[in-house]
Structures are given as structure tokens and as C-alpha cells.
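Undergrad: Contents of query17.txt (compact mmCIF, C-alpha atoms):
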```txt
# COMPACT_ATOMS: atom_id res chain seq x y z
CA MET W 236 10.66 17.84 -4.03
CA TRP W 237 11.84 14.69 -5.78
CA GLN W 238 9.60 12.62 -7.93
CA VAL W 239 10.16 9.57 -10.06
CA SER W 240 8.81 9.82 -13.53
CA ASN W 241 8.65 7.05 -16.08
CA GLU W 242 8.52 9.56 -18.87
CA ASN W 243 11.34 11.92 -19.69
CA ASN W 244 9.21 14.27 -21.69
CA SER W 245 9.73 17.22 -19.39
CA LEU W 246 12.88 19.01 -18.38
CA GLY W 247 14.42 17.57 -15.26
CA ALA W 248 12.26 14.46 -15.21
CA GLY W 249 14.26 11.42 -14.20
CA VAL W 250 17.08 13.35 -12.54
CA PRO W 251 16.54 11.85 -9.06
CA GLU W 252 16.43 8.41 -10.63
CA LEU W 253 19.59 9.13 -12.60
CA ILE W 254 21.50 10.25 -9.53
CA ILE W 255 20.38 7.34 -7.36
CA LEU W 256 20.96 4.70 -10.01
CA ARG W 257 24.40 6.10 -10.73
CA LEU W 258 25.35 5.99 -7.05
CA LEU W 259 24.11 2.44 -6.68
CA GLN W 260 26.04 1.37 -9.75
CA ASP W 261 29.19 1.51 -7.61
CA ARG W 262 27.94 -0.39 -4.55
CA GLU W 263 24.90 -1.20 -2.47
CA MET W 264 23.84 1.56 -0.08
CA TYR W 265 21.10 2.39 2.41
CA GLY W 266 18.97 5.53 2.35
CA TYR W 267 20.99 7.68 4.71
CA GLU W 268 24.20 6.81 2.86
CA ILE W 269 22.59 7.67 -0.46
CA VAL W 270 21.52 11.11 0.73
CA GLN W 271 24.96 11.84 2.18
CA ALA W 272 26.62 10.67 -1.03
CA ILE W 273 24.35 12.86 -3.17
CA SER W 274 25.17 15.87 -1.06
CA LEU W 275 28.89 15.11 -1.11
CA ARG W 276 29.26 14.22 -4.78
CA THR W 277 27.19 17.14 -6.05
CA GLY W 278 29.06 19.60 -3.85
CA GLN W 279 25.76 20.16 -2.01
CA ALA W 280 24.22 21.51 -5.22
CA VAL W 281 21.54 18.82 -4.91
CA THR W 282 20.17 18.55 -1.37
CA PRO W 283 16.81 16.85 -1.35
CA GLY W 284 14.61 16.84 1.75
CA GLU W 285 16.25 13.75 3.13
CA GLY W 286 13.14 11.68 3.75
CA VAL W 287 11.78 12.07 0.23
CA VAL W 288 14.52 9.84 -1.15
CA TYR W 289 12.61 6.77 0.08
CA PRO W 290 9.57 7.05 -2.18
CA VAL W 291 12.01 7.34 -5.10
CA LEU W 292 13.84 4.23 -3.92
CA HIS W 293 10.61 2.32 -3.39
CA GLY W 294 9.35 3.36 -6.82
CA LEU W 295 12.58 2.19 -8.45
CA GLU W 296 12.38 -1.08 -6.59
CA LYS W 297 8.77 -1.58 -7.62
CA SER W 298 9.72 -1.04 -11.25
CA GLY W 299 12.48 -3.66 -10.91
CA ALA W 300 15.39 -1.23 -11.25
CA LEU W 301 16.55 -1.90 -7.68
CA LYS W 302 16.33 -4.70 -5.21
CA SER W 303 16.60 -4.38 -1.47
CA ARG W 304 17.60 -6.51 1.46
CA ARG W 305 17.70 -5.89 5.18
CA ARG W 306 21.16 -6.20 6.68
CA THR W 307 22.42 -5.72 10.20
CA VAL W 308 25.71 -3.84 10.39
CA ASN W 309 27.25 -2.80 13.73
CA GLY W 310 24.01 -3.70 15.48
CA ARG W 311 21.89 -1.49 13.20
CA SER W 312 19.38 -3.09 10.88
CA ARG W 313 19.05 -1.23 7.59
CA VAL W 314 17.57 -1.68 4.15
CA TYR W 315 20.31 -1.81 1.52
CA TYR W 316 19.54 -1.15 -2.13
CA THR W 317 21.33 -2.71 -5.11
CA LEU W 318 21.11 -1.99 -8.81
CA THR W 319 19.57 -4.77 -10.93
CA ALA W 320 20.25 -5.55 -14.59
CA LYS W 321 17.03 -3.73 -15.43
CA GLY W 322 18.23 -0.78 -13.37
CA ALA W 323 21.56 -0.74 -15.20
CA LYS W 324 19.69 -0.62 -18.50
CA ARG W 325 17.46 2.16 -17.20
CA LEU W 326 20.54 4.05 -16.06
CA SER W 327 22.14 3.85 -19.50
CA HIS W 328 18.92 5.23 -21.06
CA LEU W 329 18.78 8.04 -18.51
CA VAL W 330 22.44 8.90 -19.07
CA ALA W 331 21.88 9.03 -22.83
CA ASP W 332 18.78 11.23 -22.36
CA TRP W 333 20.65 13.49 -19.98
CA ASN W 334 23.66 13.84 -22.30
CA MET W 335 21.38 14.69 -25.20
CA LEU W 336 19.51 17.28 -23.15
CA ASN W 337 22.75 18.69 -21.79
CA ALA W 338 24.24 18.97 -25.29
CA ALA W 339 21.07 20.65 -26.55
CA VAL W 340 21.08 23.21 -23.75
CA GLN W 341 24.81 23.86 -24.21
CA ALA W 342 24.26 24.40 -27.95
CA MET W 343 21.38 26.73 -27.25
CA MET W 344 23.40 28.70 -24.70
CA ALA W 345 26.30 28.96 -27.12
CA GLY W 346 23.90 30.16 -29.80
CA SER W 347 22.51 32.77 -27.43
CA ALA W 348 26.02 33.94 -26.58
CA HIS W 349 26.83 34.36 -30.29
CA ALA W 350 23.55 36.20 -30.80
CA VAL W 351 24.47 38.63 -28.03
CA MET C 252 5.63 7.71 17.77
CA PRO C 253 7.24 10.41 15.58
CA PHE C 254 5.57 9.35 12.32
CA ASP C 255 2.07 8.36 13.45
CA GLY C 256 0.51 11.42 11.82
CA LEU C 257 2.38 10.80 8.59
CA ALA C 258 1.33 7.13 8.55
CA GLU C 259 -2.30 8.11 9.07
CA SER C 260 -2.13 10.64 6.21
CA LEU C 261 -0.66 8.04 3.88
CA LEU C 262 -3.25 5.40 4.79
CA LYS C 263 -6.04 7.90 4.24
CA GLY C 264 -4.41 8.77 0.92
CA GLY C 265 -4.76 5.15 -0.17
CA ILE C 266 -1.13 4.03 0.20
CA ALA C 267 -0.91 0.30 0.89
CA PRO C 268 -0.19 -0.42 4.59
CA ARG C 269 2.93 -2.44 3.77
CA HIS C 270 4.43 0.54 1.92
CA VAL C 271 3.49 2.84 4.79
CA ARG C 272 5.10 0.56 7.38
CA ARG C 273 8.28 0.30 5.38
CA TYR C 274 8.48 4.04 4.69
CA VAL C 275 7.98 4.92 8.34
CA ARG C 276 10.54 2.35 9.45
CA GLU C 277 13.18 3.66 7.05
CA LEU C 278 12.41 7.24 8.06
CA ALA C 279 12.86 6.28 11.71
CA ASP C 280 16.23 4.67 10.92
CA HIS C 281 17.24 7.75 8.93
CA LEU C 282 16.20 10.03 11.78
CA ASP C 283 18.35 8.01 14.19
CA ASP C 284 21.34 8.42 11.88
CA LEU C 285 20.74 12.14 11.51
CA THR C 286 20.36 12.58 15.26
CA ALA C 287 23.62 10.70 15.89
CA GLN C 288 25.33 12.90 13.29
CA GLN C 289 24.08 16.06 14.99
CA ARG C 290 25.12 14.77 18.40
CA ALA C 291 28.60 14.06 17.01
CA ALA C 292 28.67 17.64 15.76
CA GLY C 293 28.31 18.81 19.36
CA TYR C 294 24.60 19.63 19.72
CA THR C 295 22.65 18.73 22.83
CA TYR C 296 20.21 15.85 22.54
CA GLU C 297 17.18 18.17 22.18
CA GLU C 298 18.91 20.36 19.59
CA ALA C 299 20.14 17.30 17.70
CA CYS C 300 16.62 15.83 17.58
CA ALA C 301 15.12 19.10 16.34
CA ARG C 302 17.79 19.61 13.68
CA ALA C 303 17.57 16.02 12.52
CA ARG C 304 13.79 16.22 12.21
CA ALA C 305 14.07 19.44 10.19
CA ARG C 306 16.57 17.87 7.80
CA LEU C 307 14.37 14.87 7.26
CA GLY C 308 11.57 17.07 5.93
CA GLU C 309 8.11 18.28 6.92
CA ASP C 310 5.39 15.65 7.35
CA SER C 311 3.42 17.20 4.49
CA GLU C 312 6.43 17.02 2.18
CA LEU C 313 7.17 13.43 3.18
CA ALA C 314 3.54 12.46 2.67
CA GLN C 315 3.26 14.16 -0.71
CA ALA C 316 6.43 12.46 -1.97
CA MET C 317 4.81 9.08 -1.37
CA LEU C 318 1.31 10.08 -2.48
CA ASP C 319 2.73 11.13 -5.85
CA HIS C 320 3.52 7.48 -6.53
CA LEU C 321 0.27 6.01 -7.76
CA GLY C 322 1.88 2.58 -7.86
CA MET C 323 2.06 2.57 -4.05
CA ARG C 324 -1.71 2.76 -3.68
CA SER C 325 -3.49 -0.35 -2.44
CA TRP C 326 -5.94 -2.33 -4.57
CA PRO C 327 -8.87 -1.48 -2.27
CA ALA C 328 -8.04 2.22 -2.71
CA ARG C 329 -7.58 1.95 -6.46
CA MET C 330 -10.51 -0.34 -7.24
CA PRO C 331 -12.87 -0.55 -4.27
CA TRP C 332 -15.71 -1.83 -6.48
CA LEU C 333 -13.58 -4.84 -7.40
CA VAL C 334 -12.36 -5.64 -3.89
CA PHE C 335 -15.59 -4.97 -1.99
CA LEU C 336 -18.34 -5.77 -4.49
CA LEU C 337 -17.12 -8.21 -7.11
CA LEU C 338 -14.54 -10.39 -5.39
CA PRO C 339 -16.36 -11.32 -2.14
CA PRO C 340 -19.34 -13.04 -3.81
CA VAL C 341 -17.03 -14.73 -6.30
CA LEU C 342 -14.70 -15.91 -3.54
CA THR C 343 -17.59 -17.04 -1.37
CA ALA C 344 -19.07 -18.96 -4.28
CA ALA C 345 -15.69 -20.47 -5.12
CA ILE C 346 -15.14 -21.56 -1.52
CA GLY C 347 -18.68 -22.96 -1.39
CA LEU C 348 -18.17 -24.89 -4.59
CA ALA C 349 -14.84 -26.30 -3.43
CA LEU C 350 -16.30 -27.34 -0.10
CA TYR C 351 -19.38 -28.80 -1.75
CA ALA C 352 -17.07 -30.98 -3.83
CA ALA C 353 -15.13 -31.94 -0.70
CA VAL C 354 -18.32 -32.74 1.23
CA CYS C 355 -19.59 -34.85 -1.66
CA ALA C 356 -16.32 -36.74 -1.55
CA ILE C 357 -16.35 -37.41 2.19
CA GLY C 358 -20.13 -37.42 2.66
CA TYR C 359 -20.18 -35.23 5.79
CA ALA C 360 -23.13 -32.90 5.31
CA ALA C 361 -22.92 -31.20 8.71
CA ALA C 362 -19.59 -29.69 7.68
CA MET C 363 -21.26 -28.11 4.68
CA THR C 364 -23.92 -26.54 6.87
CA ALA C 365 -21.24 -25.10 9.14
CA VAL C 366 -19.36 -23.70 6.17
CA GLN C 367 -22.50 -22.13 4.74
CA MET C 368 -23.22 -20.58 8.10
CA LEU C 369 -19.75 -19.10 8.56
CA ALA C 370 -18.54 -18.23 5.04
CA ALA C 371 -20.50 -14.98 4.63
CA PRO C 372 -19.85 -13.68 8.19
CA ILE C 373 -16.14 -14.37 7.84
CA MET C 374 -16.07 -12.62 4.47
CA ALA C 375 -17.98 -9.67 5.96
CA GLY C 376 -15.50 -9.49 8.83
CA LEU C 377 -12.61 -9.48 6.40
CA LEU C 378 -14.15 -6.65 4.38
CA VAL C 379 -14.60 -4.54 7.49
CA LEU C 380 -11.07 -5.22 8.69
CA LEU C 381 -9.67 -4.37 5.28
CA ALA C 382 -11.58 -1.10 5.14
CA ARG C 383 -10.54 -0.11 8.65
CA ARG C 384 -6.91 -1.05 8.06
CA GLN C 385 -6.74 1.09 4.95
CA ARG C 386 -8.91 3.94 6.31
CA LEU C 387 -11.42 3.57 3.50
CA LYS C 388 -14.89 5.02 3.43
CA PRO C 389 -17.34 2.63 5.14
CA VAL C 390 -19.73 2.77 2.21
CA TRP C 391 -17.74 0.15 0.27
CA PRO C 392 -17.64 -2.61 2.89
CA LEU C 393 -21.27 -1.90 3.79
CA LEU C 394 -22.31 -2.27 0.16
CA GLY C 395 -20.22 -5.43 -0.09
CA ILE C 396 -21.87 -6.91 2.99
CA ALA C 397 -25.34 -6.02 1.68
CA LEU C 398 -24.51 -7.78 -1.57
CA LEU C 399 -23.26 -10.82 0.33
CA GLN C 400 -26.50 -10.88 2.32
CA LEU C 401 -28.52 -10.86 -0.86
CA LEU C 402 -26.45 -13.53 -2.55
CA THR C 403 -25.82 -15.95 0.32
CA PRO C 404 -29.19 -17.76 0.05
CA LEU C 405 -28.58 -18.16 -3.65
CA PHE C 406 -25.22 -19.78 -3.00
CA ALA C 407 -26.82 -21.99 -0.39
CA ALA C 408 -29.49 -23.04 -2.85
CA ARG C 409 -26.97 -23.66 -5.58
CA PHE C 410 -24.50 -25.66 -3.53
CA GLY C 411 -26.28 -26.57 -0.30
CA PRO C 412 -28.10 -29.65 0.84
CA HIS C 413 -31.56 -27.99 1.08
CA HIS C 414 -31.67 -26.52 -2.45
CA ASN C 415 -35.07 -24.93 -3.18
CA LEU C 416 -36.09 -24.51 0.44
CA GLN C 417 -33.19 -22.21 1.12
CA VAL C 418 -34.00 -20.01 -1.84
CA GLY C 419 -37.51 -19.82 -0.43
CA TYR C 420 -36.08 -18.78 2.91
CA GLY C 421 -34.31 -15.85 1.31
CA LEU C 422 -37.55 -14.55 -0.08
CA VAL C 423 -40.11 -15.28 2.65
CA ILE C 424 -38.28 -14.57 5.88
CA PRO C 425 -40.29 -11.41 6.65
CA LEU C 426 -43.53 -13.39 6.47
CA ARG C 427 -42.65 -16.82 7.78
CA TRP C 428 -40.52 -16.80 10.91
CA SER C 429 -41.11 -20.51 11.33
CA VAL C 430 -39.11 -21.06 8.16
CA ALA C 431 -36.32 -18.90 9.55
CA LEU C 432 -36.24 -20.99 12.70
CA ARG C 433 -36.36 -24.23 10.81
CA PHE C 434 -33.37 -23.22 8.70
CA TRP C 435 -31.54 -21.68 11.61
CA PRO C 436 -28.01 -21.99 10.10
CA VAL C 437 -28.92 -19.54 7.35
CA THR C 438 -30.67 -17.25 9.82
CA LEU C 439 -27.64 -17.34 12.09
CA SER C 440 -25.40 -16.67 9.09
CA HIS C 441 -27.36 -13.50 8.28
CA ILE C 442 -27.22 -12.31 11.86
CA LEU C 443 -23.48 -12.97 12.10
CA THR C 444 -22.88 -11.21 8.78
CA PHE C 445 -24.61 -8.11 10.09
CA LEU C 446 -22.38 -7.93 13.17
CA PRO C 447 -19.25 -6.58 11.41
CA ALA C 448 -21.43 -4.08 9.54
CA THR C 449 -22.97 -2.93 12.83
CA TRP C 450 -19.55 -2.57 14.40
CA LEU C 451 -18.35 -0.52 11.42
CA ILE C 452 -21.37 1.77 11.54
CA ARG C 453 -20.81 2.36 15.26
CA ARG C 454 -17.15 3.19 14.63
CA THR C 455 -17.81 5.45 11.64
CA PRO C 456 -18.30 8.77 13.49
CA ARG C 457 -14.87 8.32 15.10
CA MET C 458 -13.18 7.73 11.75
CA GLY C 459 -13.34 11.43 10.97
```
Rewrite the structure from the file as C-alpha cells, please.
TA:
Amino acid sequence: MWQVSNENNSLGAGVPELIILRLLQDREMYGYEIVQAISLRTGQAVTPGEGVVYPVLHGLEKSGALKSRRRTVNGRSRVYYTLTAKGAKRLSHLVADWNMLNAAVQAMMAGSAHAV
Amino acid sequence: MPFDGLAESLLKGGIAPRHVRRYVRELADHLDDLTAQQRAAGYTYEEACARARARLGEDSELAQAMLDHLGMRSWPARMPWLVFLLLPPVLTAAIGLALYAAVCAIGYAAAMTAVQMLAAPIMAGLLVLLARRQRLKPVWPLLGIALLQLLTPLFAARFGPHHNLQVGYGLVIPLRWSVALRFWPVTLSHILTFLPATWLIRRTPRMG
């Protein structure tokens, strides 16, 4: 299950936020689109229970990282989410955290390989 | 409705009704999209509905995802003592004070009596509605109403036109019914304030 965490002090914390913020950096999207895009762009490696994306979106909106608006497209009314300046800043922090963690794990794995 | 059970679980979990409404609405939209996708993939309507619902997630999973967000909880769920015990007397007093000032300005004392009579019952009704709307335990609104009942004569004495006599009413009503009849607006106010509490008590067994 996905959860939003404001603290990145545990492995994997902030990954759902990172993915969603990164997707919304390109353009505004609604929930269904976001889930499809996650599935597509991660090669289906990340497939959240589709409904649980909304609490993450609402949490990000509440924290000011996203803003939403209801739009009617082709007769369907949907809530579209957009990245805010605060969200962009949060994304850059999350990317930096993720890169650092990734580099650390890679280094550790390389070390393990040498040890073997 | 497909998400009634989920909505009820979230309300009982303390999630604010506006967040529940929005979540359920977005889930319903998402379910429509998933169903259309499954239909386009060649499934019958029944199969498409079942597959779409499975992809959306179990109710328990959907509920837990929202319940994990403490920021989505309502104020009455987070701080019932503030909403049901502290704020109502303060608000009632503030309204009384504002109206007292207004009545002094326009010199229409009957309006003040009407306000004194209705302020506490209206506040009691609001507390009960709030508790019911957010599926809270009835103990909080009942305590709030009891506190209002205790404090109303004091507000009346502080801001009302009959000053000391109304304080006296609050203390001697069990012994002197003639006083209660003489100051019927306050008596009526107490009776009206008890009505929402009575309604809530009668509904309580059905709240599960």
C-alpha cells in the first residue's frame, strides 16, 4: 500500500510522492491518468492498488505541493492535479534523497560483489 | 451506492466528511474509467464491473490508505473536548455579547430575550448534527449540551435584561416553579436545549 510520509528517514519513504510529483511536473493529470502513467512508465514494476493513489494526492494537495481543479472534458467531470512551486521544490528534495540512497545502495552492492 | 460502506468506515475513523465525499467521488470516477477500459477490452458489462472493482482495491485497503493520513481527520475527531466543550460556551457568550451590544444600540429588548431563548438550543442542535454527521460518540455532544445548560443562566445574568433574577432562576428552579413560569423564556430555552440531546439519546442504539 502507498503512504505519504513527510520524513524520509526510512527506506522507501516518499517514493509514491516522488513518482506522482515527477509525473505532474510534465503536465496536469487526473487520478486515473496518473495510475495508468505510473504503470506504463515503470514497465508495470510499480502497480499500486489504483484507488489508494487518491489519499496520496489529497495529502500532497493539503501540504501545498499540488493544487487541483475540476474540469469537464468530453462530458466527463474530473479533478485535475497540477504541481505547485512548493511541489517542485519538494520534488527536487525527493530526487536528491533518492539519488543519494540509490548511490549508497549501489556502492554497498558493489562492495558486496567485491567481497564475494 | 458502491462506496457507502467505505464512506461509513472513513467517517467512523474520524476522516472529515468533505475529504470522504471527495475521495468517494474520485473513486467513482476512476471506477467508471476502469469499467470503460475493461469493456473496450471485450469483457461483458458484469465482468468489466467486477474486474474494474478488483483493480480499484478492496474497501479495507482503500479505507486504510485514507485513515493513515492523520491530516485528513476532522477537528471534532481530533479534539472533541475543544469542539464540544470549550467552543460552544465561548461562542454562545460571544454571540450574546455581540447581540447585547446591538440591542443596547437599537434599544429593542424583546429581541434580546428571543436571542437568549434560542441561542443555547440552536448551539445544542448544531452539536448534535455535527456529532451525527461525523459518526462521533454521543458522549461529547451530550457533555457539551449539559455544560451549555449549566452556563446559559450565567450568560443570561451577565448580558441579559433581568440580571440577578435570572441567576436566581438557575439555582432555584427545582424549588420555585413560579419563578420558572415567570421567566418563561429561560425555561423554554432549557426545554428546547434538551430536545436535541433527547433525540440523540434515542438514536444512539442504532448508531452501532
Undergrad: Of the candidates W:Val340, W:Leu318, W:Leu258, W:Ala323, which one gets nearest to Leu275 in chain W if we count all atoms listed in the file?
TA: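 Checking each candidate against Leu275 in chain W, we get W:Leu258 as the closest.
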Undergrad: Determine, using only C-alpha atoms, which residues of chain C have any atom at most 9 Å from an atom of chain W, and tabulate each with its shortest atom pair and distance in Å to one decimal place, rows ordered by chain and then rising number, as JSON lines.
TA:
```
{"residue": "C:His270", "atom": "CA", "partner": "W:His293", "partner_atom": "CA", "distance": 8.3}
{"residue": "C:Tyr274", "atom": "CA", "partner": "W:Tyr289", "partner_atom": "CA", "distance": 6.8}
{"residue": "C:Glu277", "atom": "CA", "partner": "W:Val314", "partner_atom": "CA", "distance": 7.5}
{"residue": "C:Leu278", "atom": "CA", "partner": "W:Gly286", "partner_atom": "CA", "distance": 6.2}
{"residue": "C:Asp280", "atom": "CA", "partner": "W:Arg313", "partner_atom": "CA", "distance": 7.3}
{"residue": "C:His281", "atom": "CA", "partner": "W:Tyr267", "partner_atom": "CA", "distance": 5.6}
{"residue": "C:Leu282", "atom": "CA", "partner": "W:Gly286", "partner_atom": "CA", "distance": 8.8}
{"residue": "C:Asp284", "atom": "CA", "partner": "W:Tyr267", "partner_atom": "CA", "distance": 7.2}
{"residue": "C:Leu285", "atom": "CA", "partner": "W:Tyr267", "partner_atom": "CA", "distance": 8.1}
{"residue": "C:Ala305", "atom": "CA", "partner": "W:Gly284", "partner_atom": "CA", "distance": 8.8}
{"residue": "C:Arg306", "atom": "CA", "partner": "W:Glu285", "partner_atom": "CA", "distance": 6.2}
{"residue": "C:Leu307", "atom": "CA", "partner": "W:Glu285", "partner_atom": "CA", "distance": 4.7}
{"residue": "C:Gly308", "atom": "CA", "partner": "W:Gly284", "partner_atom": "CA", "distance": 5.2}
{"residue": "C:Glu309", "atom": "CA", "partner": "W:Gly284", "partner_atom": "CA", "distance": 8.4}
{"residue": "C:Glu312", "atom": "CA", "partner": "W:Val287", "partner_atom": "CA", "distance": 7.5}
{"residue": "C:Leu313", "atom": "CA", "partner": "W:Val287", "partner_atom": "CA", "distance": 5.6}
{"residue": "C:Ala314", "atom": "CA", "partner": "W:Val287", "partner_atom": "CA", "distance": 8.6}
{"residue": "C:Gln315", "atom": "CA", "partner": "W:Val287", "partner_atom": "CA", "distance": 8.8}
{"residue": "C:Ala316", "atom": "CA", "partner": "W:Val287", "partner_atom": "CA", "distance": 5.8}
{"residue": "C:Met317", "atom": "CA", "partner": "W:Pro290", "partner_atom": "CA", "distance": 5.2}
{"residue": "C:Leu318", "atom": "CA", "partner": "W:Pro290", "partner_atom": "CA", "distance": 8.8}
{"residue": "C:Asp319", "atom": "CA", "partner": "W:Gln238", "partner_atom": "CA", "distance": 7.3}
{"residue": "C:His320", "atom": "CA", "partner": "W:Gly294", "partner_atom": "CA", "distance": 7.1}
{"residue": "C:Gly322", "atom": "CA", "partner": "W:Gly294", "partner_atom": "CA", "distance": 7.6}
{"residue": "C:Met323", "atom": "CA", "partner": "W:Gly294", "partner_atom": "CA", "distance": 7.8}
```
Undergrad: What separation in Å, quoted to one decimal, exists between CA of Phe445 in chain C and CA of Leu377 in chain C?
TA: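 Those two atoms sit 12.6 Å apart.
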Undergrad: Choose the residue, out of W:Thr319, W:Gln271, W:Gln279, W:Asn334, that has the smallest atom-to-atom separation from Leu295 in chain W; count only C-alpha atoms.
TA: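 Of W:Thr319, W:Gln271, W:Gln279, W:Asn334, the one nearest Leu295 in chain W, counting only C-alpha atoms, is W:Thr319.
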Undergrad: What gap, in Å, lies between CA of Leu253 in chain W and CA of Ser327 in chain W?
TA: 9.1 Å
Undergrad: Go through C:Pro436, C:Pro331, C:Pro447, C:Pro268 and flag the residue nearest Met374 in chain C, using all atoms listed in the file for the distances.
TA: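 So, comparing all the options, the nearest one is C:Pro447.
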Undergrad: Write out as a PDB file with C-alpha atoms, in the frame of the given file which residues come within 12 Å of Arg269 in chain C when counting only C-alpha atoms, dropping same-chain ones fewer than 6 positions away.
TA:
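Okay, part_21.pdb is ready:
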```
ATOM      1  CA  HIS W 293      10.610   2.320  -3.390  1.00  0.00           C
TER       2      HIS W 293
ATOM      3  CA  ALA C 258       1.330   7.130   8.550  1.00  0.00           C
ATOM      4  CA  LEU C 261      -0.660   8.040   3.880  1.00  0.00           C
ATOM      5  CA  LEU C 262      -3.250   5.400   4.790  1.00  0.00           C
ATOM      6  CA  VAL C 275       7.980   4.920   8.340  1.00  0.00           C
ATOM      7  CA  ARG C 276      10.540   2.350   9.450  1.00  0.00           C
ATOM      8  CA  MET C 323       2.060   2.570  -4.050  1.00  0.00           C
ATOM      9  CA  ARG C 324      -1.710   2.760  -3.680  1.00  0.00           C
ATOM     10  CA  SER C 325      -3.490  -0.350  -2.440  1.00  0.00           C
ATOM     11  CA  ARG C 384      -6.910  -1.050   8.060  1.00  0.00           C
ATOM     12  CA  GLN C 385      -6.740   1.090   4.950  1.00  0.00           C
TER      13      GLN C 385
END
```
Undergrad: Step by step: start from the point (22.6, -2.5, -4.7) in the file's coordinates, keep every protein, DNA or RNA residue that has an atom no farther than 6 Å from it, count only C-alpha atoms, and write the set as an mmCIF file with C-alpha atoms, keeping the file's coordinate frame.
TA:
```cif
data_model
loop_
_atom_site.group_PDB
_atom_site.id
_atom_site.type_symbol
_atom_site.label_atom_id
_atom_site.label_comp_id
_atom_site.auth_asym_id
_atom_site.auth_seq_id
_atom_site.Cartn_x
_atom_site.Cartn_y
_atom_site.Cartn_z
ATOM 1 C CA LEU W 259 24.110 2.440 -6.680
ATOM 2 C CA ARG W 262 27.940 -0.390 -4.550
ATOM 3 C CA GLU W 263 24.900 -1.200 -2.470
ATOM 4 C CA TYR W 316 19.540 -1.150 -2.130
ATOM 5 C CA THR W 317 21.330 -2.710 -5.110
ATOM 6 C CA LEU W 318 21.110 -1.990 -8.810
#
```
Undergrad: Please compute the CA of Ala371 in chain C-CA of Gly264 in chain C distance, one decimal, in Å.
TA: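 That distance, rounded to one decimal, is 28.9 Å.
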Undergrad: Just need the box for range 317-324 of chain W, edges along x, y and z, holding every atom the file lists for it with 5 Å tacked onto each side, so centre and edge lengths in Å to one decimal, as lines of an AutoDock Vina configuration file.
TA:
```
center_x = 19.3
center_y = -3.1
center_z = -11.8
size_x = 14.5
size_y = 14.9
size_z = 23.4
```
Undergrad: Return the single residue from C:Thr455, C:Ile373, C:Asp283, C:Thr444 that is closest to Tyr296 in chain C, with distances computed using all atoms listed in the file.
TA: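 Among C:Thr455, C:Ile373, C:Asp283, C:Thr444, it is C:Asp283 that comes nearest to Tyr296 in chain C.
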Undergrad: Counting all atoms listed in the file, what is within 10 Å of Trp391 in chain C, bar same-chain residues fewer than 2 positions away, as an NGL selection string?
TA: :C and (327 or 331-332 or 334-336 or 378-379 or 382 or 387-389 or 393-397)
Undergrad: Fix up range 277-293 of chain W with N, CA and C atoms, then write it as a compact mmCIF listing (two decimals), in the frame of the given file.
TA:
```txt
# COMPACT_ATOMS: atom_id res chain seq x y z
N THR W 277 27.68 16.01 -5.25
CA THR W 277 27.19 17.14 -6.05
C THR W 277 27.67 18.46 -5.45
N GLY W 278 28.58 18.38 -4.49
CA GLY W 278 29.06 19.60 -3.85
C GLY W 278 27.92 20.37 -3.20
N GLN W 279 26.95 19.62 -2.68
CA GLN W 279 25.76 20.16 -2.01
C GLN W 279 24.87 20.98 -2.95
N ALA W 280 25.10 20.81 -4.26
CA ALA W 280 24.22 21.51 -5.22
C ALA W 280 22.84 20.86 -5.23
N VAL W 281 22.82 19.54 -4.99
CA VAL W 281 21.54 18.82 -4.91
C VAL W 281 21.37 18.35 -3.47
N THR W 282 20.43 18.95 -2.76
CA THR W 282 20.17 18.55 -1.37
C THR W 282 18.67 18.32 -1.20
N PRO W 283 18.23 17.12 -1.50
CA PRO W 283 16.81 16.85 -1.35
C PRO W 283 16.40 16.82 0.12
N GLY W 284 15.12 17.10 0.41
CA GLY W 284 14.61 16.84 1.75
C GLY W 284 14.91 15.38 1.99
N GLU W 285 15.63 15.08 3.06
CA GLU W 285 16.25 13.75 3.13
C GLU W 285 15.27 12.59 3.08
N GLY W 286 14.11 12.79 3.70
CA GLY W 286 13.14 11.68 3.75
C GLY W 286 12.52 11.34 2.40
N VAL W 287 12.49 12.30 1.50
CA VAL W 287 11.78 12.07 0.23
C VAL W 287 12.56 11.17 -0.72
N VAL W 288 13.75 10.77 -0.32
CA VAL W 288 14.52 9.84 -1.15
C VAL W 288 13.86 8.44 -1.13
N TYR W 289 13.15 8.13 -0.05
CA TYR W 289 12.61 6.77 0.08
C TYR W 289 11.50 6.45 -0.92
N PRO W 290 10.56 7.36 -1.14
CA PRO W 290 9.57 7.05 -2.18
C PRO W 290 10.22 6.82 -3.55
N VAL W 291 11.29 7.55 -3.83
CA VAL W 291 12.01 7.34 -5.10
C VAL W 291 12.61 5.93 -5.12
N LEU W 292 13.24 5.57 -4.01
CA LEU W 292 13.84 4.23 -3.92
C LEU W 292 12.78 3.14 -4.04
N HIS W 293 11.67 3.34 -3.36
CA HIS W 293 10.61 2.32 -3.39
C HIS W 293 10.02 2.21 -4.80
```
